[in-house]
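Participant: Data: work26.pdb, PDB, C-alpha atoms.
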```
ATOM      1  CA  MET A   1      37.954  77.812  57.849
ATOM      2  CA  PRO A   2      35.578  76.213  55.326
ATOM      3  CA  SER A   3      33.021  73.848  56.815
ATOM      4  CA  HIS A   4      32.573  70.229  55.775
ATOM      5  CA  ARG A   5      29.885  71.453  53.396
ATOM      6  CA  ALA A   6      32.293  73.835  51.646
ATOM      7  CA  ILE A   7      35.016  71.176  51.485
ATOM      8  CA  GLY A   8      32.533  68.731  50.006
ATOM      9  CA  ALA A   9      31.489  71.375  47.491
ATOM     10  CA  LEU A  10      35.131  71.898  46.505
ATOM     11  CA  LEU A  11      35.667  68.185  45.909
ATOM     12  CA  LEU A  12      32.473  67.981  43.892
ATOM     13  CA  LEU A  13      33.477  71.044  41.897
ATOM     14  CA  SER A  14      36.802  69.421  41.007
ATOM     15  CA  PHE A  15      34.905  66.406  39.707
ATOM     16  CA  VAL A  16      32.371  68.504  37.821
ATOM     17  CA  LEU A  17      34.996  70.594  36.062
ATOM     18  CA  GLY A  18      36.537  67.365  34.823
ATOM     19  CA  LEU A  19      33.350  66.381  33.004
ATOM     20  CA  GLN A  20      33.828  67.283  29.379
ATOM     21  CA  GLY A  21      31.197  66.740  26.719
ATOM     22  CA  CYS A  22      28.496  66.147  29.328
ATOM     23  CA  ALA A  23      26.902  69.574  29.351
ATOM     24  CA  SER A  24      23.612  68.722  30.988
ATOM     25  CA  PRO A  25      24.909  66.560  33.885
ATOM     26  CA  ARG A  26      27.787  68.995  34.327
ATOM     27  CA  GLN A  27      25.442  71.967  34.638
ATOM     28  CA  LEU A  28      23.203  70.131  37.068
ATOM     29  CA  LEU A  29      26.190  69.346  39.258
ATOM     30  CA  LEU A  30      27.497  72.897  38.978
ATOM     31  CA  ASN A  31      24.133  74.176  40.151
ATOM     32  CA  GLY A  32      24.256  71.772  43.082
ATOM     33  CA  VAL A  33      27.688  73.039  44.113
ATOM     34  CA  ALA A  34      26.471  76.626  43.681
ATOM     35  CA  ASP A  35      23.548  75.861  46.004
ATOM     36  CA  ALA A  36      25.964  74.521  48.617
ATOM     37  CA  LEU A  37      28.325  77.486  48.412
ATOM     38  CA  ALA A  38      25.498  80.007  48.447
ATOM     39  CA  ALA A  39      24.235  78.456  51.670
ATOM     40  CA  GLN A  40      27.722  78.329  53.194
ATOM     41  CA  GLY A  41      28.676  81.329  55.273
ATOM     42  CA  ALA A  42      31.006  82.329  58.063
ATOM     43  CA  GLY A  43      28.245  83.526  60.379
ATOM     44  CA  ASP A  44      28.919  80.828  62.983
ATOM     45  CA  GLU A  45      32.680  81.463  63.049
ATOM     46  CA  ASN A  46      33.722  83.561  66.047
ATOM     47  CA  ASP A  47      37.492  83.606  65.420
ATOM     48  CA  LEU A  48      38.146  86.776  63.414
ATOM     49  CA  GLN A  49      41.649  85.772  62.329
ATOM     50  CA  LEU A  50      40.467  82.372  61.146
ATOM     51  CA  ALA A  51      37.595  83.980  59.233
ATOM     52  CA  ARG A  52      39.995  86.461  57.658
ATOM     53  CA  ASP A  53      42.397  83.728  56.563
ATOM     54  CA  ALA A  54      39.644  81.506  55.142
ATOM     55  CA  ALA A  55      37.713  84.220  53.309
ATOM     56  CA  PRO A  56      39.947  84.599  50.195
ATOM     57  CA  PHE A  57      39.699  80.861  49.423
ATOM     58  CA  TYR A  58      35.945  80.885  49.813
ATOM     59  CA  LEU A  59      35.497  84.080  47.786
ATOM     60  CA  LYS A  60      37.693  82.958  44.898
ATOM     61  CA  LEU A  61      36.044  79.544  44.765
ATOM     62  CA  SER A  62      32.562  81.074  44.810
ATOM     63  CA  GLU A  63      33.459  83.714  42.241
ATOM     64  CA  SER A  64      34.920  81.088  39.901
ATOM     65  CA  LEU A  65      31.794  78.994  40.172
ATOM     66  CA  LEU A  66      29.600  82.035  39.590
ATOM     67  CA  ARG A  67      31.284  82.507  36.226
ATOM     68  CA  GLN A  68      30.151  78.969  35.375
ATOM     69  CA  THR A  69      26.601  79.569  36.654
ATOM     70  CA  PRO A  70      25.919  83.290  36.035
ATOM     71  CA  GLY A  71      22.182  82.852  36.438
ATOM     72  CA  HIS A  72      22.473  81.504  39.993
ATOM     73  CA  LEU A  73      21.141  84.512  41.886
ATOM     74  CA  ALA A  74      21.647  83.075  45.360
ATOM     75  CA  LEU A  75      25.334  82.534  44.623
ATOM     76  CA  ALA A  76      25.619  86.023  43.118
ATOM     77  CA  GLU A  77      24.173  87.434  46.334
ATOM     78  CA  SER A  78      26.546  85.349  48.449
ATOM     79  CA  VAL A  79      29.576  86.505  46.434
ATOM     80  CA  ALA A  80      28.517  90.159  46.599
ATOM     81  CA  ALA A  81      27.942  89.864  50.346
ATOM     82  CA  GLY A  82      31.267  88.128  50.870
ATOM     83  CA  PHE A  83      33.347  90.737  49.046
ATOM     84  CA  THR A  84      31.504  93.588  50.792
ATOM     85  CA  GLN A  85      31.942  92.103  54.244
ATOM     86  CA  TYR A  86      35.601  91.217  53.667
ATOM     87  CA  ALA A  87      36.365  94.733  52.426
ATOM     88  CA  TYR A  88      34.617  96.315  55.410
ATOM     89  CA  ALA A  89      35.849  94.050  58.194
ATOM     90  CA  PHE A  90      39.402  93.267  57.132
ATOM     91  CA  VAL A  91      40.573  95.971  54.719
ATOM     92  CA  ALA A  92      38.822  99.303  55.349
ATOM     93  CA  PHE A  93      38.799  98.759  59.118
ATOM     94  CA  GLU A  94      42.523  97.997  59.092
ATOM     95  CA  ALA A  95      43.061 101.258  57.199
ATOM     96  CA  ASP A  96      41.247 103.153  59.945
ATOM     97  CA  ARG A  97      43.345 101.508  62.630
ATOM     98  CA  ILE A  98      46.732 102.284  61.066
ATOM     99  CA  GLU A  99      45.885 105.779  59.799
ATOM    100  CA  SER A 100      47.707 107.589  62.590
ATOM    101  CA  GLN A 101      50.875 105.462  62.207
ATOM    102  CA  ASP A 102      51.095 105.169  58.406
ATOM    103  CA  ALA A 103      48.799 107.351  56.335
ATOM    104  CA  ARG A 104      50.135 106.076  53.014
ATOM    105  CA  ALA A 105      49.597 102.442  53.917
ATOM    106  CA  ALA A 106      46.103 103.328  55.127
ATOM    107  CA  GLN A 107      45.326 104.953  51.782
ATOM    108  CA  ARG A 108      46.555 101.885  49.914
ATOM    109  CA  LEU A 109      44.213  99.749  51.989
ATOM    110  CA  ARG A 110      41.307 102.108  51.319
ATOM    111  CA  ASP A 111      42.014 101.957  47.600
ATOM    112  CA  ARG A 112      41.969  98.177  47.800
ATOM    113  CA  ALA A 113      38.742  98.206  49.808
ATOM    114  CA  ALA A 114      37.125 100.454  47.191
ATOM    115  CA  ARG A 115      38.110  97.989  44.454
ATOM    116  CA  LEU A 116      36.645  95.098  46.444
ATOM    117  CA  TYR A 117      33.426  97.045  46.987
ATOM    118  CA  ASP A 118      33.263  97.734  43.252
ATOM    119  CA  ARG A 119      33.742  94.027  42.605
ATOM    120  CA  ALA A 120      30.880  93.203  44.951
ATOM    121  CA  ARG A 121      28.637  95.773  43.278
ATOM    122  CA  GLY A 122      29.467  94.354  39.852
ATOM    123  CA  HIS A 123      28.386  90.863  40.856
ATOM    124  CA  ALA A 124      25.198  92.126  42.494
ATOM    125  CA  LEU A 125      24.211  94.356  39.573
ATOM    126  CA  ALA A 126      24.953  91.578  37.075
ATOM    127  CA  GLY A 127      22.648  89.268  39.023
ATOM    128  CA  LEU A 128      19.917  91.891  39.126
ATOM    129  CA  GLU A 129      20.262  92.508  35.397
ATOM    130  CA  ARG A 130      19.887  88.785  34.700
ATOM    131  CA  SER A 131      16.743  88.600  36.789
ATOM    132  CA  GLN A 132      15.333  91.818  35.300
ATOM    133  CA  PRO A 133      16.843  92.717  31.900
ATOM    134  CA  GLY A 134      17.086  96.471  31.452
ATOM    135  CA  LEU A 135      17.347  97.174  35.186
ATOM    136  CA  ARG A 136      20.647  99.031  34.916
ATOM    137  CA  ALA A 137      19.336 101.153  32.070
ATOM    138  CA  THR A 138      16.259 102.003  34.128
ATOM    139  CA  LEU A 139      18.423 102.882  37.107
ATOM    140  CA  ALA A 140      20.553 105.224  34.983
ATOM    141  CA  ARG A 141      17.647 106.757  33.065
ATOM    142  CA  ASP A 142      14.859 107.074  35.650
ATOM    143  CA  ALA A 143      15.869 105.583  38.990
ATOM    144  CA  SER A 144      12.621 106.607  40.681
ATOM    145  CA  SER A 145      10.674 104.259  38.393
ATOM    146  CA  LEU A 146      12.687 101.177  39.404
ATOM    147  CA  ARG A 147      10.601  98.384  40.902
ATOM    148  CA  LEU A 148      11.921  95.192  42.457
ATOM    149  CA  ASP A 149      10.433  91.870  43.480
ATOM    150  CA  PRO A 150      11.069  90.666  47.052
ATOM    151  CA  ALA A 151      13.336  87.927  45.633
ATOM    152  CA  GLN A 152      15.664  90.618  44.261
ATOM    153  CA  VAL A 153      16.002  92.571  47.491
ATOM    154  CA  GLY A 154      19.069  90.720  48.780
ATOM    155  CA  LEU A 155      21.044  91.455  45.635
ATOM    156  CA  ALA A 156      19.853  95.062  45.631
ATOM    157  CA  TYR A 157      20.837  95.481  49.284
ATOM    158  CA  TRP A 158      24.405  94.326  48.684
ATOM    159  CA  ALA A 159      24.664  96.327  45.464
ATOM    160  CA  ALA A 160      23.588  99.508  47.255
ATOM    161  CA  ALA A 161      25.694  98.821  50.362
ATOM    162  CA  SER A 162      28.879  98.104  48.406
ATOM    163  CA  TRP A 163      28.238 101.036  46.057
ATOM    164  CA  ALA A 164      27.796 103.497  48.920
ATOM    165  CA  ALA A 165      30.824 102.085  50.739
ATOM    166  CA  ALA A 166      33.005 102.527  47.653
ATOM    167  CA  ILE A 167      31.773 106.094  47.256
ATOM    168  CA  SER A 168      32.622 106.859  50.889
ATOM    169  CA  LEU A 169      36.231 105.884  50.137
ATOM    170  CA  SER A 170      36.370 107.819  46.849
ATOM    171  CA  LYS A 171      35.434 111.342  47.859
ATOM    172  CA  ASP A 172      38.307 112.726  45.787
ATOM    173  CA  ARG A 173      36.727 111.239  42.643
ATOM    174  CA  PRO A 174      33.739 113.400  41.606
ATOM    175  CA  GLU A 175      32.551 110.794  39.100
ATOM    176  CA  ALA A 176      32.226 108.242  41.911
ATOM    177  CA  VAL A 177      30.451 110.628  44.284
ATOM    178  CA  ALA A 178      28.024 111.537  41.488
ATOM    179  CA  ASP A 179      26.725 107.957  41.618
ATOM    180  CA  LEU A 180      25.436 108.282  45.200
ATOM    181  CA  PRO A 181      21.839 109.043  44.068
ATOM    182  CA  LEU A 182      21.856 105.763  42.110
ATOM    183  CA  ALA A 183      22.940 103.776  45.154
ATOM    184  CA  VAL A 184      20.269 105.532  47.217
ATOM    185  CA  ALA A 185      17.606 104.847  44.574
ATOM    186  CA  LEU A 186      18.514 101.165  44.489
ATOM    187  CA  ALA A 187      18.277 100.936  48.268
ATOM    188  CA  GLN A 188      14.939 102.757  48.188
ATOM    189  CA  ALA A 189      13.589 100.293  45.617
ATOM    190  CA  ALA A 190      14.704  97.402  47.816
ATOM    191  CA  TYR A 191      13.116  99.027  50.864
ATOM    192  CA  ALA A 192       9.844  99.551  48.999
ATOM    193  CA  ALA A 193       9.767  95.857  48.086
ATOM    194  CA  HIS A 194      10.741  94.433  51.498
ATOM    195  CA  PRO A 195      11.537  96.940  54.278
ATOM    196  CA  GLU A 196      12.123  94.181  56.868
ATOM    197  CA  HIS A 197      14.946  92.589  54.896
ATOM    198  CA  GLY A 198      17.910  91.313  56.878
ATOM    199  CA  GLN A 199      16.332  91.773  60.317
ATOM    200  CA  GLY A 200      16.914  95.498  60.158
ATOM    201  CA  ALA A 201      20.017  95.521  57.938
ATOM    202  CA  LEU A 202      18.216  97.262  55.076
ATOM    203  CA  ALA A 203      16.519  99.774  57.379
ATOM    204  CA  SER A 204      19.912 100.527  58.948
ATOM    205  CA  LEU A 205      21.424 101.055  55.496
ATOM    206  CA  MET A 206      18.585 103.438  54.693
ATOM    207  CA  GLY A 207      19.376 105.359  57.875
ATOM    208  CA  THR A 208      23.038 105.656  56.954
ATOM    209  CA  LEU A 209      22.225 106.769  53.408
ATOM    210  CA  GLU A 210      19.626 109.266  54.617
ATOM    211  CA  ALA A 211      22.143 110.781  57.018
ATOM    212  CA  SER A 212      24.828 111.103  54.329
ATOM    213  CA  ARG A 213      22.944 112.049  51.172
ATOM    214  CA  PRO A 214      22.425 115.686  50.099
ATOM    215  CA  GLY A 215      19.006 116.746  51.341
ATOM    216  CA  GLY A 216      18.779 113.941  53.888
ATOM    217  CA  THR A 217      17.590 114.717  57.402
ATOM    218  CA  ARG A 218      18.566 113.419  60.808
ATOM    219  CA  ILE A 219      14.895 112.955  61.721
ATOM    220  CA  ARG A 220      14.248 110.573  58.812
ATOM    221  CA  ALA A 221      17.561 108.814  59.395
ATOM    222  CA  GLN A 222      16.680 108.273  63.058
ATOM    223  CA  ALA A 223      13.288 106.848  62.039
ATOM    224  CA  TYR A 224      15.022 104.281  59.827
ATOM    225  CA  PHE A 225      17.417 103.377  62.635
ATOM    226  CA  ASP A 226      14.539 103.042  65.104
ATOM    227  CA  GLN A 227      12.887 100.600  62.710
ATOM    228  CA  ALA A 228      16.170  98.722  62.341
ATOM    229  CA  LEU A 229      16.461  98.372  66.110
ATOM    230  CA  ALA A 230      12.910  97.047  66.320
ATOM    231  CA  LEU A 231      13.683  94.464  63.629
ATOM    232  CA  ALA A 232      17.104  93.523  64.983
ATOM    233  CA  ALA A 233      15.611  91.617  67.919
ATOM    234  CA  ASP A 234      18.530  90.373  70.050
ATOM    235  CA  ASN A 235      21.286  91.594  67.725
ATOM    236  CA  PRO A 236      21.240  95.423  67.726
ATOM    237  CA  THR A 237      25.049  95.792  67.770
ATOM    238  CA  PRO A 238      25.464  96.693  64.063
ATOM    239  CA  VAL A 239      22.651  99.244  64.276
ATOM    240  CA  HIS A 240      24.095 100.977  67.330
ATOM    241  CA  VAL A 241      27.524 101.220  65.683
ATOM    242  CA  ALA A 242      25.921 102.600  62.511
ATOM    243  CA  MET A 243      24.010 105.205  64.522
ATOM    244  CA  ALA A 244      27.164 106.295  66.327
ATOM    245  CA  GLU A 245      29.057 106.797  63.066
ATOM    246  CA  ALA A 246      26.236 108.126  60.886
ATOM    247  CA  LEU A 247      24.429 110.384  63.364
ATOM    248  CA  ALA A 248      26.452 111.165  66.471
ATOM    249  CA  GLN A 249      29.944 111.605  65.032
ATOM    250  CA  PRO A 250      29.019 114.033  62.195
ATOM    251  CA  ALA A 251      26.921 116.045  64.657
ATOM    252  CA  GLY A 252      29.763 116.259  67.173
ATOM    253  CA  ASP A 253      27.529 114.565  69.751
ATOM    254  CA  ARG A 254      30.101 112.783  71.878
ATOM    255  CA  GLN A 255      27.585 111.760  74.527
ATOM    256  CA  ALA A 256      25.307 109.941  72.051
ATOM    257  CA  PHE A 257      28.355 108.471  70.288
ATOM    258  CA  GLU A 258      29.634 106.928  73.493
ATOM    259  CA  ARG A 259      26.177 105.817  74.661
ATOM    260  CA  TRP A 260      25.374 103.962  71.431
ATOM    261  CA  LEU A 261      28.775 102.285  71.315
ATOM    262  CA  ARG A 262      28.427 101.155  74.940
ATOM    263  CA  GLN A 263      25.045  99.682  74.030
ATOM    264  CA  ALA A 264      26.660  97.933  71.066
ATOM    265  CA  GLN A 265      29.304  96.421  73.336
ATOM    266  CA  GLN A 266      26.726  95.264  75.852
ATOM    267  CA  ALA A 267      24.568  93.598  73.188
ATOM    268  CA  ALA A 268      27.556  91.852  71.607
ATOM    269  CA  THR A 269      28.872  90.265  74.803
ATOM    270  CA  SER A 270      26.226  87.526  74.732
ATOM    271  CA  ARG A 271      26.748  86.655  71.057
ATOM    272  CA  SER A 272      29.452  84.693  69.257
ATOM    273  CA  ASP A 273      28.504  85.129  65.584
ATOM    274  CA  LEU A 274      31.034  86.717  63.249
ATOM    275  CA  THR A 275      29.026  89.884  62.565
ATOM    276  CA  SER A 276      28.780  90.631  66.273
ATOM    277  CA  ARG A 277      32.513  89.965  66.739
ATOM    278  CA  ILE A 278      33.379  92.326  63.886
ATOM    279  CA  MET A 279      31.093  95.094  65.103
ATOM    280  CA  LEU A 280      32.266  94.661  68.686
ATOM    281  CA  ALA A 281      35.860  95.109  67.515
ATOM    282  CA  ARG A 282      34.854  98.293  65.713
ATOM    283  CA  ALA A 283      32.932  99.615  68.717
ATOM    284  CA  ASP A 284      35.954  98.933  70.947
ATOM    285  CA  TRP A 285      38.264 100.766  68.540
ATOM    286  CA  LEU A 286      35.933 103.746  68.134
ATOM    287  CA  LEU A 287      35.637 104.158  71.899
ATOM    288  CA  ALA A 288      39.411 103.875  72.314
ATOM    289  CA  SER A 289      39.808 106.593  69.657
ATOM    290  CA  ILE A 290      37.095 108.905  70.974
ATOM    291  CA  ASP A 291      39.463 111.704  71.992
ATOM    292  CA  ASP A 292      40.836 111.813  68.440
ATOM    293  CA  LEU A 293      37.367 111.784  66.880
ATOM    294  CA  PHE A 294      35.906 114.659  68.928
TER
END
```
Represent the structure contained in this file as structure tokens.
Facilitator:
Amino acid sequence: MPSHRAIGALLLLSFVLGLQGCASPRQLLLNGVADALAAQGAGDENDLQLARDAAPFYLKLSESLLRQTPGHLALAESVAAGFTQYAYAFVAFEADRIESQDARAAQRLRDRAARLYDRARGHALAGLERSQPGLRATLARDASSLRLDPAQVGLAYWAAASWAAAISLSKDRPEAVADLPLAVALAQAAYAAHPEHGQGALASLMGTLEASRPGGTRIRAQAYFDQALALAADNPTPVHVAMAEALAQPAGDRQAFERWLRQAQQAATSRSDLTSRIMLARADWLLASIDDLF
């Protein structure tokens, strides 16, 4: 459910869009609304169903405003994050849960999740291109030469995360899988600029990518995850779930899989933020499905 800040931003946006022929005041007000929406998040909401129901309104409103203020990088990051998180928590996860009952419905959900991830990546890459013209050409031509400023790391993180997530759901499309090195290169550039980003979120992403990319090693992936745990402070739940799925499950290590998910559950019990609720739900489901996964 949108907060009073988001509701106020909606009312202001309605007023702003009614201003015709007043370009400068209109743009100033649009930027003010964009600031408010970029700062608005669902992190304090602990009701998953309520967050799921409210998210489409918030995402469509933010996306519409972003079209009016394409240079607002904070809003671009917020929109990219929102679409990525919605696709992961409420679309792709639902596909996993119904797979055994209705494989066709699960595939439809995965196709939708992939489209949402692509949408998130598009917004993030567009924001990066605006802040650094030629970035996409550099990424395509010589990804290893890409350099980012710390201010660009958030956009790069969500671009890489959504890109990799879409690829993971598109393994039957060789052209999509062929883009994995670009997603990895973008994440590496972000990591080089600010490895502590997101209190371990970027380091955890690096661990997942290292574990899944051709030529990646478990040792390097574990090092990234260890760094993520050190940075995560009192919220290691997402990292433990990522380790279980990226390291233990592919290796057939049921003992480590169960241990890391139990640790995720334990860490999440004292927290009420949305991310912890989402990851706790996934940890619960993975443990309940352990006999089918091993």
Participant: Which one of A:Leu231, A:Leu65, A:Ala281, A:Leu287 sits closest to Ala256 (chain A) if you count only C-alpha atoms?
Facilitator: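 Checking each of A:Leu231, A:Leu65, A:Ala281, A:Leu287 against Ala256 (chain A), counting only C-alpha atoms, the winner is A:Leu287.
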Participant: Record the distance separating CA of Glu99 (chain A) and CA of Met279 (chain A), expressed in Å with one decimal.
Facilitator: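 CA of Met279 (chain A) lies 19.0 Å from CA of Glu99 (chain A).
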Participant: Provide the CA of Arg67 (chain A) to CA of Arg121 (chain A) distance in Å, to one decimal place.
Facilitator: 15.3 Å
Participant: Quick one: distance from CA of Asp253 (chain A) to CA of Leu286 (chain A) in Å, one decimal?
Facilitator: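 CA of Asp253 (chain A) sits 13.8 Å away from CA of Leu286 (chain A).
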Participant: For Thr269 (chain A), work out the shell of residues within 10 Å, counting only C-alpha atoms and skipping chain neighbours fewer than 5 positions away, then give it as an MDAnalysis selection string.
Facilitator: chainID A and resid 237 264 276:277 280
Participant: Run the PyMOL selection byres ((chain A and resi 125-130) around 12) mentally over the shown coordinates, then write out the matched residues as a VMD selection string, using the chain letters and numbers from the document.
Facilitator: chain A and resid 66 to 67 69 to 80 118 to 124 131 to 139 146 to 163 182 to 183 186 190
Participant: Excluding same-chain residues fewer than 5 positions from Pro250 (chain A), what lies within 10 Å of it counting only C-alpha atoms, as a ChimeraX atom specification?
Facilitator: /A:211-212,244-245,257,293-294
Participant: First collect every listed atom of region 163-176 of chain A; then fit an axis-aligned box around them, widen it by 5 Å on each side, and give centre and edge lengths in Å to one decimal, as JSON.
Facilitator:
```
{"center_x": 33.1, "center_y": 107.2, "center_z": 45.0, "size_x": 20.5, "size_y": 22.4, "size_z": 21.8}
```
Participant: Might you spell out which residues the PyMOL selection byres ((chain A and resi 208) around 12) would select in the displayed file, as a ChimeraX atom specification?
Facilitator: /A:160-161,164-165,168,183-184,187,201-207,209-213,216-225,228,238-248,250
Participant: Ranking A:Arg262, A:Gln188, A:Arg104, A:Ala178 by minimum distance to Ala288 (chain A) and counting all atoms listed in the file, which one comes first?
Facilitator: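 Once distances to Ala288 (chain A) are computed over all atoms listed in the file, the minimum belongs to A:Arg262.
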Participant: Smallest atom-to-atom distance to Gln199 (chain A): which of A:Ala232, A:Ala51, A:Leu261, A:Ala185, using all atoms listed in the file?
Facilitator: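 For Gln199 (chain A), the nearest of the candidates is A:Ala232.
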Participant: Which residues are near region 92-98 of chain A? Cut-off 12 Å, all atoms listed in the file, ignore same chain within fewer than 5 positions. Put them as an NGL selection string.
Facilitator: :A and (52 or 83-87 or 103-117 or 165-166 or 168-169 or 278-279 or 281-286 or 288-289 or 293)
Participant: Can you complete the atoms of region 146-165 of chain A to N, CA and C atoms and list them as a tab-separated table (two decimals), keeping the file's coordinate frame?
Facilitator:
```
chain	number	residue	atom	x	y	z
A	146	LEU	N	12.22	102.55	39.21
A	146	LEU	CA	12.69	101.18	39.40
A	146	LEU	C	11.80	100.44	40.41
A	147	ARG	N	11.40	99.24	40.03
A	147	ARG	CA	10.60	98.38	40.90
A	147	ARG	C	11.27	97.03	41.01
A	148	LEU	N	11.28	96.48	42.22
A	148	LEU	CA	11.92	95.19	42.46
A	148	LEU	C	10.93	94.21	43.07
A	149	ASP	N	11.17	92.94	42.80
A	149	ASP	CA	10.43	91.87	43.48
A	149	ASP	C	11.13	91.55	44.80
A	150	PRO	N	10.42	91.03	45.78
A	150	PRO	CA	11.07	90.67	47.05
A	150	PRO	C	12.27	89.74	46.87
A	151	ALA	N	12.23	88.86	45.85
A	151	ALA	CA	13.34	87.93	45.63
A	151	ALA	C	14.61	88.64	45.20
A	152	GLN	N	14.50	89.87	44.72
A	152	GLN	CA	15.66	90.62	44.26
A	152	GLN	C	16.27	91.51	45.35
A	153	VAL	N	15.61	91.59	46.48
A	153	VAL	CA	16.00	92.57	47.49
A	153	VAL	C	17.40	92.31	48.05
A	154	GLY	N	17.75	91.02	48.25
A	154	GLY	CA	19.07	90.72	48.78
A	154	GLY	C	20.18	91.22	47.88
A	155	LEU	N	20.05	90.96	46.59
A	155	LEU	CA	21.04	91.46	45.64
A	155	LEU	C	21.08	92.98	45.63
A	156	ALA	N	19.91	93.60	45.65
A	156	ALA	CA	19.85	95.06	45.63
A	156	ALA	C	20.48	95.65	46.90
A	157	TYR	N	20.25	95.01	48.03
A	157	TYR	CA	20.84	95.48	49.28
A	157	TYR	C	22.36	95.49	49.19
A	158	TRP	N	22.95	94.39	48.74
A	158	TRP	CA	24.40	94.33	48.68
A	158	TRP	C	24.97	95.23	47.60
A	159	ALA	N	24.22	95.39	46.50
A	159	ALA	CA	24.66	96.33	45.46
A	159	ALA	C	24.71	97.75	46.02
A	160	ALA	N	23.65	98.15	46.71
A	160	ALA	CA	23.59	99.51	47.26
A	160	ALA	C	24.61	99.71	48.37
A	161	ALA	N	24.76	98.70	49.24
A	161	ALA	CA	25.69	98.82	50.36
A	161	ALA	C	27.13	98.93	49.87
A	162	SER	N	27.51	98.07	48.92
A	162	SER	CA	28.88	98.10	48.41
A	162	SER	C	29.13	99.37	47.60
A	163	TRP	N	28.13	99.81	46.86
A	163	TRP	CA	28.24	101.04	46.06
A	163	TRP	C	28.49	102.23	46.97
A	164	ALA	N	27.65	102.37	47.99
A	164	ALA	CA	27.80	103.50	48.92
A	164	ALA	C	29.12	103.44	49.67
A	165	ALA	N	29.55	102.22	50.03
A	165	ALA	CA	30.82	102.08	50.74
A	165	ALA	C	31.99	102.51	49.85
```
